[in-house]
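Trainee: Take a look at input_9.cif, mmCIF, C-alpha atoms and all ligand atoms:
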data_protein
#
loop_
_atom_site.label_atom_id
_atom_site.label_comp_id
_atom_site.auth_asym_id
_atom_site.auth_seq_id
_atom_site.Cartn_x
_atom_site.Cartn_y
_atom_site.Cartn_z
CA MET A 83 58.03 -158.69 121.91
CA GLU A 84 56.26 -156.83 124.67
CA HIS A 85 53.44 -154.51 123.75
CA LYS A 86 52.13 -151.50 125.55
CA LYS A 87 48.59 -152.01 126.77
CA ALA A 88 45.87 -150.18 124.84
CA LYS A 89 42.22 -149.91 125.79
CA ARG A 90 40.47 -152.53 123.63
CA PRO A 91 38.83 -152.88 121.32
CA VAL A 92 40.23 -149.99 119.33
CA MET A 93 37.93 -149.22 116.41
CA VAL A 94 38.69 -147.08 113.38
CA THR A 95 36.92 -144.23 115.08
CA ARG A 96 34.93 -143.37 118.17
CA SER A 97 32.31 -140.64 118.32
CA SER A 98 33.22 -137.55 120.28
CA LEU A 99 30.55 -136.51 122.74
CA PRO A 100 30.06 -133.25 124.61
CA PRO A 101 29.88 -133.36 128.44
CA MET A 102 26.54 -135.07 129.14
CA GLU A 103 25.26 -132.17 131.30
CA GLU A 104 25.68 -129.83 128.34
CA TYR A 105 23.42 -131.95 126.18
CA ILE A 106 20.88 -132.51 128.96
CA GLU A 107 20.69 -128.76 129.49
CA MET A 108 19.90 -128.39 125.79
CA LEU A 109 17.09 -130.95 126.07
CA LYS A 110 15.11 -129.11 128.74
CA PRO A 111 13.48 -126.58 126.39
CA LEU A 112 12.38 -129.46 124.15
CA TRP A 113 10.40 -130.95 127.04
CA GLU A 114 8.78 -127.57 127.60
CA SER A 115 7.87 -126.79 123.99
CA ALA A 116 7.30 -130.36 122.81
CA TRP A 117 8.52 -129.13 119.41
CA LEU A 118 10.76 -132.00 118.39
CA THR A 119 11.26 -131.78 114.65
CA ASN A 120 10.07 -129.97 111.48
CA MET A 121 12.50 -127.07 111.57
CA GLY A 122 12.36 -125.99 115.21
CA ASP A 123 14.43 -123.41 117.10
CA TYR A 124 17.56 -125.53 117.41
CA HIS A 125 17.40 -126.34 113.72
CA GLU A 126 17.47 -122.63 112.91
CA GLN A 127 20.17 -121.84 115.49
CA PHE A 128 22.34 -124.69 114.24
CA LYS A 129 22.02 -123.48 110.66
CA THR A 130 23.13 -119.97 111.63
CA ARG A 131 26.06 -121.17 113.73
CA LEU A 132 27.24 -123.53 111.02
CA LYS A 133 27.19 -120.83 108.37
CA GLU A 134 29.39 -118.70 110.62
CA TYR A 135 31.77 -121.54 111.42
CA LEU A 136 32.09 -122.79 107.85
CA GLY A 137 32.29 -119.34 106.30
CA LEU A 138 29.21 -119.88 104.13
CA GLU A 139 26.40 -117.69 102.98
CA ARG A 140 23.86 -120.37 102.09
CA LEU A 141 23.29 -123.70 103.81
CA GLU A 142 20.44 -126.14 104.36
CA LEU A 143 20.34 -128.86 107.01
CA PHE A 144 19.30 -132.47 106.45
CA VAL A 145 18.65 -135.61 108.44
CA ASN A 146 21.87 -137.13 107.07
CA GLY A 147 24.51 -136.50 104.46
CA HIS A 148 23.06 -138.97 102.00
CA MET A 149 19.64 -137.29 101.82
CA ALA A 150 21.42 -133.94 101.54
CA LEU A 151 23.26 -135.12 98.44
CA GLU A 152 20.35 -136.97 96.89
CA LEU A 153 17.97 -134.04 97.26
CA THR A 154 20.56 -131.53 96.03
CA LEU A 155 21.00 -133.49 92.81
CA GLN A 156 17.21 -133.48 92.47
CA ALA A 157 16.98 -129.74 93.17
CA LEU A 158 19.51 -129.02 90.43
CA GLY A 159 17.28 -130.80 87.89
CA LEU A 160 20.14 -132.81 86.43
CA GLU A 161 19.71 -135.18 83.52
CA GLY A 162 21.72 -137.86 81.71
CA GLU A 163 25.25 -138.63 82.88
CA VAL A 164 27.16 -137.53 85.96
CA ILE A 165 30.91 -138.00 86.21
CA THR A 166 32.05 -139.19 89.60
CA THR A 167 34.65 -141.27 91.44
CA PRO A 168 34.40 -144.99 92.22
CA PHE A 169 36.70 -144.50 95.24
CA THR A 170 34.14 -143.41 97.81
CA PHE A 171 31.40 -144.60 100.13
CA ALA A 172 28.38 -146.14 98.36
CA SER A 173 26.27 -143.09 99.20
CA THR A 174 27.87 -140.91 96.52
CA THR A 175 26.94 -143.23 93.65
CA HIS A 176 23.58 -144.19 95.12
CA ALA A 177 22.55 -140.52 95.29
CA ILE A 178 23.23 -140.23 91.55
CA VAL A 179 21.51 -143.48 90.58
CA ARG A 180 18.48 -142.90 92.82
CA ASN A 181 17.92 -139.66 90.86
CA GLY A 182 17.63 -141.67 87.64
CA LEU A 183 21.05 -140.41 86.48
CA THR A 184 23.84 -142.49 84.98
CA PRO A 185 27.15 -142.44 86.85
CA VAL A 186 30.27 -142.33 84.71
CA PHE A 187 33.32 -143.33 86.72
CA CYS A 188 36.50 -141.32 86.36
CA ASP A 189 39.75 -142.72 87.74
CA ILE A 190 41.52 -141.13 90.71
CA ASP A 191 44.74 -139.25 91.27
CA PRO A 192 47.40 -141.72 92.52
CA GLU A 193 48.63 -139.23 95.15
CA ASP A 194 45.53 -137.89 96.88
CA TYR A 195 42.84 -140.31 95.57
CA THR A 196 40.46 -137.53 94.44
CA LEU A 197 39.19 -137.30 90.84
CA ASP A 198 42.03 -137.34 88.33
CA THR A 199 41.39 -134.12 86.43
CA ALA A 200 43.68 -135.28 83.59
CA LYS A 201 41.18 -138.07 82.85
CA LEU A 202 38.02 -136.06 83.40
CA GLU A 203 37.51 -134.19 80.18
CA SER A 204 37.65 -137.26 77.92
CA LEU A 205 34.59 -138.66 79.75
CA ILE A 206 32.38 -135.67 79.00
CA THR A 207 29.70 -136.33 76.37
CA ASP A 208 26.69 -134.36 75.18
CA ARG A 209 24.70 -136.22 77.85
CA THR A 210 26.88 -135.08 80.77
CA SER A 211 25.16 -132.63 83.10
CA ALA A 212 27.35 -132.59 86.22
CA ILE A 213 30.47 -133.68 88.06
CA VAL A 214 30.28 -135.12 91.57
CA PRO A 215 33.83 -135.22 92.98
CA VAL A 216 34.61 -136.35 96.54
CA HIS A 217 37.08 -134.69 98.93
CA VAL A 218 37.95 -138.21 99.99
CA TYR A 219 39.51 -138.59 103.50
CA GLY A 220 39.40 -134.79 103.65
CA ASN A 221 41.89 -134.46 100.77
CA PRO A 222 40.58 -131.48 98.82
CA CYS A 223 39.84 -132.12 95.16
CA HIS A 224 41.65 -130.12 92.50
CA VAL A 225 38.90 -127.52 92.65
CA ASP A 226 40.44 -124.96 90.29
CA GLU A 227 40.92 -127.41 87.45
CA ILE A 228 37.51 -129.01 88.04
CA GLY A 229 35.95 -125.52 87.98
CA ARG A 230 37.70 -124.67 84.70
CA ILE A 231 36.59 -127.91 83.03
CA ALA A 232 33.02 -127.53 84.29
CA ALA A 233 32.81 -123.93 83.06
CA ARG A 234 34.16 -124.92 79.64
CA HIS A 235 31.40 -127.53 79.22
CA GLY A 236 28.56 -125.85 81.13
CA LEU A 237 28.44 -128.54 83.84
CA LYS A 238 27.31 -128.29 87.45
CA VAL A 239 29.76 -129.32 90.17
CA ILE A 240 28.43 -130.84 93.37
CA TYR A 241 31.13 -131.79 95.86
CA ASP A 242 30.71 -134.67 98.22
CA ALA A 243 32.40 -132.97 101.19
CA ALA A 244 31.25 -135.61 103.68
CA HIS A 245 34.84 -135.89 104.97
CA ALA A 246 35.82 -132.24 104.72
CA PHE A 247 34.02 -130.46 107.56
CA GLY A 248 35.74 -127.22 108.54
CA GLU A 249 38.47 -127.44 105.91
CA GLU A 250 39.71 -124.47 103.96
CA ILE A 251 41.59 -123.97 100.73
CA GLY A 252 43.57 -120.75 100.59
CA GLY A 253 41.56 -119.37 103.52
CA LYS A 254 38.23 -120.10 101.78
CA GLY A 255 35.73 -122.49 103.37
CA ILE A 256 35.73 -125.72 101.34
CA GLY A 257 31.94 -125.44 100.91
CA GLN A 258 32.41 -122.35 98.76
CA PHE A 259 33.62 -124.28 95.74
CA GLY A 260 31.38 -125.55 92.95
CA ASP A 261 27.61 -125.17 92.80
CA ALA A 262 27.01 -127.12 96.00
CA SER A 263 28.82 -129.16 98.66
CA MET A 264 27.40 -131.82 100.92
CA PHE A 265 28.70 -132.30 104.49
CA SER A 266 27.99 -135.36 106.61
CA PHE A 267 27.47 -135.05 110.36
CA HIS A 268 27.29 -138.79 110.98
CA ALA A 269 28.47 -140.08 114.37
CA THR A 270 31.68 -141.37 112.77
CA LYS A 271 32.68 -137.98 111.41
CA VAL A 272 35.05 -135.29 112.73
CA PHE A 273 31.97 -133.28 113.59
CA HIS A 274 28.58 -134.86 114.16
CA SER A 275 24.96 -134.34 115.10
CA ILE A 276 24.40 -138.10 115.74
CA GLU A 277 23.14 -138.41 112.16
CA GLY A 278 22.94 -135.29 110.06
CA GLY A 279 24.11 -133.43 107.04
CA ALA A 280 24.09 -130.11 105.27
CA VAL A 281 24.45 -128.64 101.83
CA SER A 282 26.06 -125.35 100.99
CA PHE A 283 25.14 -123.85 97.63
CA SER A 284 25.80 -120.80 95.50
CA ASP A 285 22.44 -120.17 93.75
CA PRO A 286 19.97 -118.43 96.12
CA ALA A 287 17.08 -119.96 94.14
CA LEU A 288 18.02 -123.34 95.60
CA ALA A 289 17.23 -122.23 99.17
CA PRO A 290 13.43 -122.62 99.09
CA LEU A 291 13.65 -125.67 96.85
CA LEU A 292 15.99 -127.60 99.15
CA TYR A 293 13.87 -126.66 102.15
CA GLN A 294 10.72 -127.90 100.41
CA LEU A 295 12.28 -131.05 98.98
CA LYS A 296 13.38 -132.21 102.41
CA ASN A 297 9.80 -131.71 103.60
CA PHE A 298 8.01 -133.93 101.05
CA GLY A 299 7.86 -131.11 98.46
CA ILE A 300 5.26 -129.31 100.57
CA THR A 301 5.02 -125.63 99.65
CA GLY A 302 2.03 -124.62 101.81
CA TYR A 303 -0.73 -126.06 104.03
CA GLU A 304 -2.67 -127.12 100.96
CA SER A 305 0.01 -127.51 98.34
CA VAL A 306 2.60 -130.12 97.45
CA ASP A 307 4.53 -128.99 94.38
CA TYR A 308 7.41 -131.47 94.22
CA VAL A 309 8.05 -135.17 94.74
CA GLY A 310 10.20 -134.61 97.81
CA ALA A 311 11.29 -136.86 100.66
CA ASN A 312 11.59 -136.71 104.41
CA GLY A 313 15.06 -135.28 104.89
CA LYS A 314 14.47 -133.12 107.96
CA MET A 315 16.96 -132.84 110.80
CA ASN A 316 15.23 -133.15 114.17
CA GLU A 317 15.79 -131.04 117.29
CA PHE A 318 17.77 -133.70 119.16
CA GLN A 319 20.23 -133.86 116.29
CA ALA A 320 20.48 -130.07 116.06
CA ALA A 321 21.03 -129.85 119.85
CA MET A 322 23.89 -132.35 119.60
CA GLY A 323 25.33 -130.40 116.68
CA LEU A 324 25.19 -127.14 118.64
CA CYS A 325 26.96 -128.75 121.61
CA ASN A 326 29.64 -130.36 119.45
CA LEU A 327 30.29 -127.14 117.58
CA ARG A 328 31.49 -125.55 120.84
CA HIS A 329 34.24 -128.16 121.09
CA ILE A 330 35.17 -128.75 117.48
CA ASP A 331 38.42 -126.77 117.36
CA GLY A 332 39.81 -128.72 120.33
CA GLU A 333 38.76 -132.01 118.73
CA ILE A 334 40.52 -131.19 115.48
CA ALA A 335 43.66 -130.09 117.35
CA LYS A 336 43.79 -133.46 119.14
CA ARG A 337 43.35 -135.31 115.84
CA LYS A 338 46.14 -133.23 114.29
CA ALA A 339 48.58 -134.20 117.05
CA LEU A 340 47.76 -137.89 116.58
CA ALA A 341 47.99 -137.67 112.79
CA GLU A 342 51.41 -136.04 113.15
CA ARG A 343 52.51 -138.87 115.43
CA TYR A 344 51.49 -141.40 112.76
CA ARG A 345 53.32 -139.37 110.13
CA GLU A 346 56.51 -139.18 112.19
CA ARG A 347 56.58 -142.95 112.49
CA LEU A 348 55.39 -143.99 109.04
CA SER A 349 56.57 -141.39 106.56
CA GLY A 350 59.66 -142.13 104.54
CA VAL A 351 59.26 -145.91 105.00
CA LYS A 352 59.79 -147.72 101.69
CA GLY A 353 56.54 -149.19 100.39
CA ILE A 354 54.32 -147.05 102.64
CA ARG A 355 52.51 -144.07 101.16
CA LEU A 356 50.77 -141.35 103.15
CA CYS A 357 48.64 -138.63 101.61
CA PRO A 358 50.62 -135.49 100.84
CA GLU A 359 49.57 -132.36 102.73
CA ARG A 360 49.08 -129.51 100.29
CA PRO A 361 50.27 -126.03 101.31
CA GLY A 362 47.47 -123.53 101.92
CA VAL A 363 44.99 -126.22 103.01
CA LYS A 364 43.52 -126.30 106.50
CA TYR A 365 42.91 -129.99 107.16
CA ASN A 366 40.52 -131.62 109.63
CA TYR A 367 42.42 -134.94 110.04
CA ALA A 368 39.27 -136.95 109.37
CA TYR A 369 41.00 -140.22 108.44
CA MET A 370 44.47 -141.77 108.50
CA PRO A 371 44.71 -143.64 105.19
CA VAL A 372 47.93 -145.57 104.57
CA VAL A 373 48.71 -147.23 101.26
CA PHE A 374 50.95 -150.30 101.19
CA ASP A 375 52.55 -150.42 97.77
CA GLY A 376 55.54 -152.72 97.46
CA TYR A 377 55.83 -153.04 101.24
CA HIS A 378 57.10 -156.35 102.69
CA LYS A 379 53.58 -157.04 104.06
CA ASP A 380 50.36 -156.42 102.20
CA ARG A 381 47.33 -154.49 103.37
CA ASP A 382 45.33 -157.56 104.34
CA GLN A 383 48.20 -158.97 106.41
CA ILE A 384 48.50 -155.75 108.39
CA PHE A 385 44.73 -155.57 108.81
CA ALA A 386 44.80 -159.11 110.25
CA GLU A 387 47.81 -158.49 112.52
CA LEU A 388 46.10 -155.45 114.01
CA ALA A 389 42.84 -157.35 114.43
CA LEU A 390 44.70 -160.01 116.45
CA GLN A 391 45.42 -157.24 118.93
CA ASP A 392 41.79 -156.14 118.92
CA ILE A 393 42.64 -153.07 116.86
CA HIS A 394 40.20 -152.66 114.00
CA ALA A 395 41.40 -150.61 111.08
CA ARG A 396 39.07 -150.37 108.07
CA LYS A 397 39.48 -150.87 104.36
CA TYR A 398 37.81 -147.61 103.37
CA PHE A 399 37.10 -147.76 100.40
CA TYR A 400 37.26 -151.39 99.31
CA PRO A 401 35.78 -152.60 97.07
CA CYS A 402 35.50 -149.71 94.64
CA ILE A 403 31.90 -148.83 93.98
CA ASN A 404 32.08 -150.03 90.36
CA ALA A 405 33.00 -153.48 91.73
CA CYS A 406 30.15 -153.72 94.24
CA ALA A 407 27.44 -156.31 93.59
CA CYS A 408 24.78 -153.69 92.90
CA TYR A 409 26.85 -152.06 90.12
CA ARG A 410 29.29 -154.60 88.72
CA ASP A 411 26.93 -155.77 85.97
CA ARG A 412 26.96 -152.27 84.52
CA PHE A 413 30.54 -151.13 85.14
CA ARG A 414 34.07 -152.46 84.94
CA GLU A 415 36.56 -151.88 87.73
CA GLU A 416 39.35 -152.24 85.12
CA ASP A 417 38.21 -148.92 83.63
CA THR A 418 39.47 -147.15 86.76
CA PRO A 419 42.76 -149.02 87.37
CA VAL A 420 44.26 -146.60 89.89
CA ALA A 421 41.14 -146.72 92.06
CA ALA A 422 41.05 -150.51 91.75
CA ARG A 423 44.70 -150.78 92.86
CA VAL A 424 44.50 -148.27 95.72
CA SER A 425 41.34 -149.89 97.07
CA ARG A 426 43.35 -153.13 97.51
CA GLN A 427 46.31 -151.37 99.12
CA VAL A 428 44.72 -148.89 101.49
CA LEU A 429 44.04 -149.22 105.18
CA THR A 430 42.48 -146.45 107.27
CA LEU A 431 44.11 -146.63 110.68
CA PRO A 432 42.27 -145.66 113.89
CA LEU A 433 42.10 -141.91 114.36
CA TYR A 434 39.83 -140.01 116.72
CA ALA A 435 40.27 -137.22 119.23
CA ASP A 436 40.46 -139.42 122.33
CA LEU A 437 42.69 -142.10 120.86
CA ASP A 438 45.54 -142.83 123.24
CA PRO A 439 48.90 -141.75 121.71
CA ASP A 440 50.40 -145.01 123.00
CA THR A 441 47.93 -146.87 120.81
CA VAL A 442 49.21 -144.93 117.81
CA ASP A 443 52.70 -146.14 118.73
CA LEU A 444 51.49 -149.70 119.12
CA ILE A 445 49.77 -149.57 115.72
CA CYS A 446 52.92 -148.18 114.12
CA ASP A 447 55.06 -150.85 115.82
CA THR A 448 52.75 -153.51 114.40
CA VAL A 449 52.86 -152.03 110.91
CA LEU A 450 56.64 -151.64 110.97
CA ARG A 451 57.51 -154.95 112.62
N1 LIG A 501 29.69 -139.63 101.13
C1 LIG A 501 30.81 -140.13 101.70
C2 LIG A 501 32.11 -139.96 101.00
C3 LIG A 501 30.72 -140.76 102.95
O1 LIG A 501 31.84 -141.28 103.52
C4 LIG A 501 29.47 -140.88 103.58
C5 LIG A 501 29.36 -141.58 104.85
C6 LIG A 501 28.34 -140.32 102.95
C7 LIG A 501 28.49 -139.71 101.71
C8 LIG A 501 26.97 -140.38 103.56
O2 LIG A 501 26.86 -139.57 104.71
P1 LIG A 501 25.80 -139.99 105.86
O3 LIG A 501 24.47 -140.22 105.18
O4 LIG A 501 26.31 -141.21 106.56
O5 LIG A 501 25.77 -138.77 106.74
C9 LIG A 501 30.45 -145.20 108.25
C10 LIG A 501 29.36 -144.16 108.39
O6 LIG A 501 28.11 -144.73 108.71
C11 LIG A 501 29.19 -143.31 107.18
O7 LIG A 501 28.56 -142.12 107.61
C12 LIG A 501 30.51 -142.94 106.54
N2 LIG A 501 30.36 -142.22 105.31
C13 LIG A 501 31.33 -144.19 106.28
C14 LIG A 501 32.67 -143.88 105.67
O8 LIG A 501 31.56 -144.84 107.51
P2 LIG A 501 30.37 -147.80 108.46
O9 LIG A 501 29.37 -148.78 108.01
O10 LIG A 501 31.79 -148.05 108.19
O11 LIG A 501 30.19 -147.48 110.03
P3 LIG A 501 30.31 -148.44 111.29
O12 LIG A 501 28.97 -148.56 111.91
O13 LIG A 501 31.04 -149.67 110.92
O14 LIG A 501 31.20 -147.55 112.28
C15 LIG A 501 32.59 -147.43 112.16
C16 LIG A 501 33.18 -147.24 113.54
O15 LIG A 501 32.76 -146.01 114.09
C17 LIG A 501 32.72 -148.27 114.56
O16 LIG A 501 33.53 -149.38 114.49
C18 LIG A 501 32.84 -147.55 115.88
C19 LIG A 501 32.61 -146.11 115.50
N3 LIG A 501 31.25 -145.66 115.84
C20 LIG A 501 30.19 -145.99 115.04
C21 LIG A 501 28.92 -145.56 115.35
C22 LIG A 501 27.77 -145.94 114.46
C23 LIG A 501 31.06 -144.87 116.97
O17 LIG A 501 32.00 -144.56 117.71
N4 LIG A 501 29.80 -144.45 117.26
C24 LIG A 501 28.71 -144.76 116.51
O18 LIG A 501 27.60 -144.32 116.81
O19 LIG A 501 29.92 -146.41 107.81
#
Would you mind giving the structure from this file in structure tokens?
Mentor:
Amino acid sequence: MEHKKAKRPVMVTRSSLPPMEEYIEMLKPLWESAWLTNMGDYHEQFKTRLKEYLGLERLELFVNGHMALELTLQALGLEGEVITTPFTFASTTHAIVRNGLTPVFCDIDPEDYTLDTAKLESLITDRTSAIVPVHVYGNPCHVDEIGRIAARHGLKVIYDAAHAFGEEIGGKGIGQFGDASMFSFHATKVFHSIEGGAVSFSDPALAPLLYQLKNFGITGYESVDYVGANGKMNEFQAAMGLCNLRHIDGEIAKRKALAERYRERLSGVKGIRLCPERPGVKYNYAYMPVVFDGYHKDRDQIFAELALQDIHARKYFYPCINACACYRDRFREEDTPVAARVSRQVLTLPLYADLDPDTVDLICDTVLR
């Protein structure tokens, strides 16, 4: 069988970059001021522009998404147990554990792979202080039900929105749900600032605390009030974020067209499951997860067939976090059977703004062959 030629290698994603001149122009003032980090002008501008774009009132920037989440959990003064999902990137669980909290893994919804709210309430104990759900692949969690459960039990809700930049539910920015939401601006994300992250939050009292915690807990020239960390976003990151923000709508539109092309080819095929698109949700097309469940080839076979053509899909998120070496002594993957199964069936196919549509066709041909 003859294959169309694709530029190789094709990786699961490829960072979008602004025109180089745009970024260089942004760097000139940095050479003049020599103010490179510690909350400079670009940092402040980026914060303002992001709040506008994301429809948020309160937001703090961080050096990366992980520090944003870890320091937010610290700022909220949580104790005891935190209910979360095992079907995520290691960062989510690590942020909980590194705060001295105990993660309690809740299984996932078999359709959209976010926390299964039907299984959530039975995991709440008198030691539970918070829920950390993940809008995994940009699939929004069941925020209304999570909000109701949290309110009933007096729990905080901190969303890991690393994959959900720019999304909306019913016209509301996704960062408006829960007590706080963490966004990642890593190079592999829909929107990036090389590395970077942000947290949106509802309680105004968190604003100074988050700012101080990311700066070692320093509260004045001669005072350090908290055991903070270095979580500051530098000016080069903020400059990249400001440039990329100018182009983000076009980037998402390109992703949407490619995601639709995948859907046209792969939906309705027996044994292949795509994530449902919920009405009223504005998606960002962050990932293209495909689940092979009863298909004539399994996930690993398809992964290998693509790799032979120098096309590198990824098994996000395999293994489940409760099966990773650093946690498997304490947790059992069997306790979250849906997550365990999906993690063995899922493949995230290449998706990024500049992916050649012919490559999407080639990938689909390979999957369907
Ligand atoms: N919560 C969730 C749910 C997350 O998914 C993440 C991060 C976090 C929290 C933490 O946020 P950050 O602290 O990272 O802001 C990648 C990313 O490093 C990570 O940010 C992301 N999730 C995770 C899902 O994916 P790897 O180890 O798979 O990345 P890597 O280096 O294999 O890159 C994947 C592909 O991306 C490469 O094959 C090519 C492309 N790429 C990569 C880099 C580094 C580029 O085009 N440019 C680049 O600069 O983790």
Trainee: Collect all residues with atoms no farther than 6 Å from ligand LIG 501 (chain A), counting all atoms listed in the file, and output them as a PyMOL selection string.
Mentor: chain A and resi 93-97+146-148+170-171+173-174+242+244+266-270+278-279
Trainee: Please produce an output containing C-alpha atoms for each residue in the selection, written as a compact mmCIF listing (two decimals), in the frame of the given file.
Mentor:
# COMPACT_ATOMS: atom_id res chain seq x y z
CA MET A 93 37.93 -149.22 116.41
CA VAL A 94 38.69 -147.08 113.38
CA THR A 95 36.92 -144.23 115.08
CA ARG A 96 34.93 -143.37 118.17
CA SER A 97 32.31 -140.64 118.32
CA ASN A 146 21.87 -137.13 107.07
CA GLY A 147 24.51 -136.50 104.46
CA HIS A 148 23.06 -138.97 102.00
CA THR A 170 34.14 -143.41 97.81
CA PHE A 171 31.40 -144.60 100.13
CA SER A 173 26.27 -143.09 99.20
CA THR A 174 27.87 -140.91 96.52
CA ASP A 242 30.71 -134.67 98.22
CA ALA A 244 31.25 -135.61 103.68
CA SER A 266 27.99 -135.36 106.61
CA PHE A 267 27.47 -135.05 110.36
CA HIS A 268 27.29 -138.79 110.98
CA ALA A 269 28.47 -140.08 114.37
CA THR A 270 31.68 -141.37 112.77
CA GLY A 278 22.94 -135.29 110.06
CA GLY A 279 24.11 -133.43 107.04
Trainee: Would you list the residues near (42.6, -131.7, 116.6) (no more than 12 Å away, in the coordinates of the file, using only C-alpha atoms) as a ChimeraX atom specification?
Mentor: /A:98,248,272-273,329-342,364-369,433-437
Trainee: What does the distance from CA of Val186 in chain A to CA of Ile228 in chain A come to in Å, to one decimal?
Mentor: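 Separation between CA of Val186 in chain A and CA of Ile228 in chain A: 15.5 Å.
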Trainee: Of the candidates A:Gly220, A:Gly137, A:Thr210, A:Lys379, which shows the shortest atom-to-atom distance to Lys254 in chain A, using all atoms listed in the file?
Mentor: A:Gly137
Trainee: Listed atoms of range 413-428 of chain A, axis-aligned box, 8 Å per side: centre and edge lengths to one decimal in Å, as AutoDock Vina command-line options?
Mentor:
--center_x 38.4 --center_y -149.9 --center_z 92.6 --size_x 31.8 --size_y 22.5 --size_z 33.9
Trainee: At a cut-off of 10 Å, using all atoms listed in the file, what residues contact Asp198 in chain A? Leave out same-chain residues fewer than 3 positions from it and give the result as a PyMOL selection string.
Mentor: chain A and resi 167+188-195+201-203+215+223-224+228+420
Trainee: For Phe399 in chain A, which residue out of A:Val442, A:Val372, A:Val239, A:Leu155 is the nearest one, using only C-alpha atoms?
Mentor: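 Of A:Val442, A:Val372, A:Val239, A:Leu155, the one nearest Phe399 in chain A, counting only C-alpha atoms, is A:Val372.
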Trainee: Go through A:Leu158, A:Gly302, A:Thr199, A:Glu249 one by one, measure the shortest atom-to-atom distance of each to Arg230 in chain A using all atoms listed in the file, and give the residue with the smallest value.
Mentor: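 That would be A:Thr199, the residue with the smallest distance to Arg230 in chain A.
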Trainee: Under the rule that only C-alpha atoms are counted, which of A:Trp117, A:Tyr241, A:Tyr409, A:Tyr105 is the nearest residue to Ile165 in chain A?
Mentor: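 Of all the options, A:Tyr241 lies closest to Ile165 in chain A.
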Trainee: Could you tell me how far CA of Val225 in chain A sits from CA of Leu291 in chain A, in Å to one decimal place?
Mentor: 25.7 Å
Trainee: How far is it from CA of Ala386 in chain A to CA of Ile445 in chain A, in Å with one decimal?
Mentor: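 Rounded to one decimal, the two atoms are 12.1 Å apart.
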Trainee: Could you pull the residues within 10 Å of range 205-208 of chain A, counting only C-alpha atoms, minus those fewer than 5 positions along the same chain, as a list in words?
Mentor: Gly162, Glu163, Val164, Ile165, Val186, Phe187, Cys188, Ile213, Ile231, Ala232, His235 and Leu237 of chain A
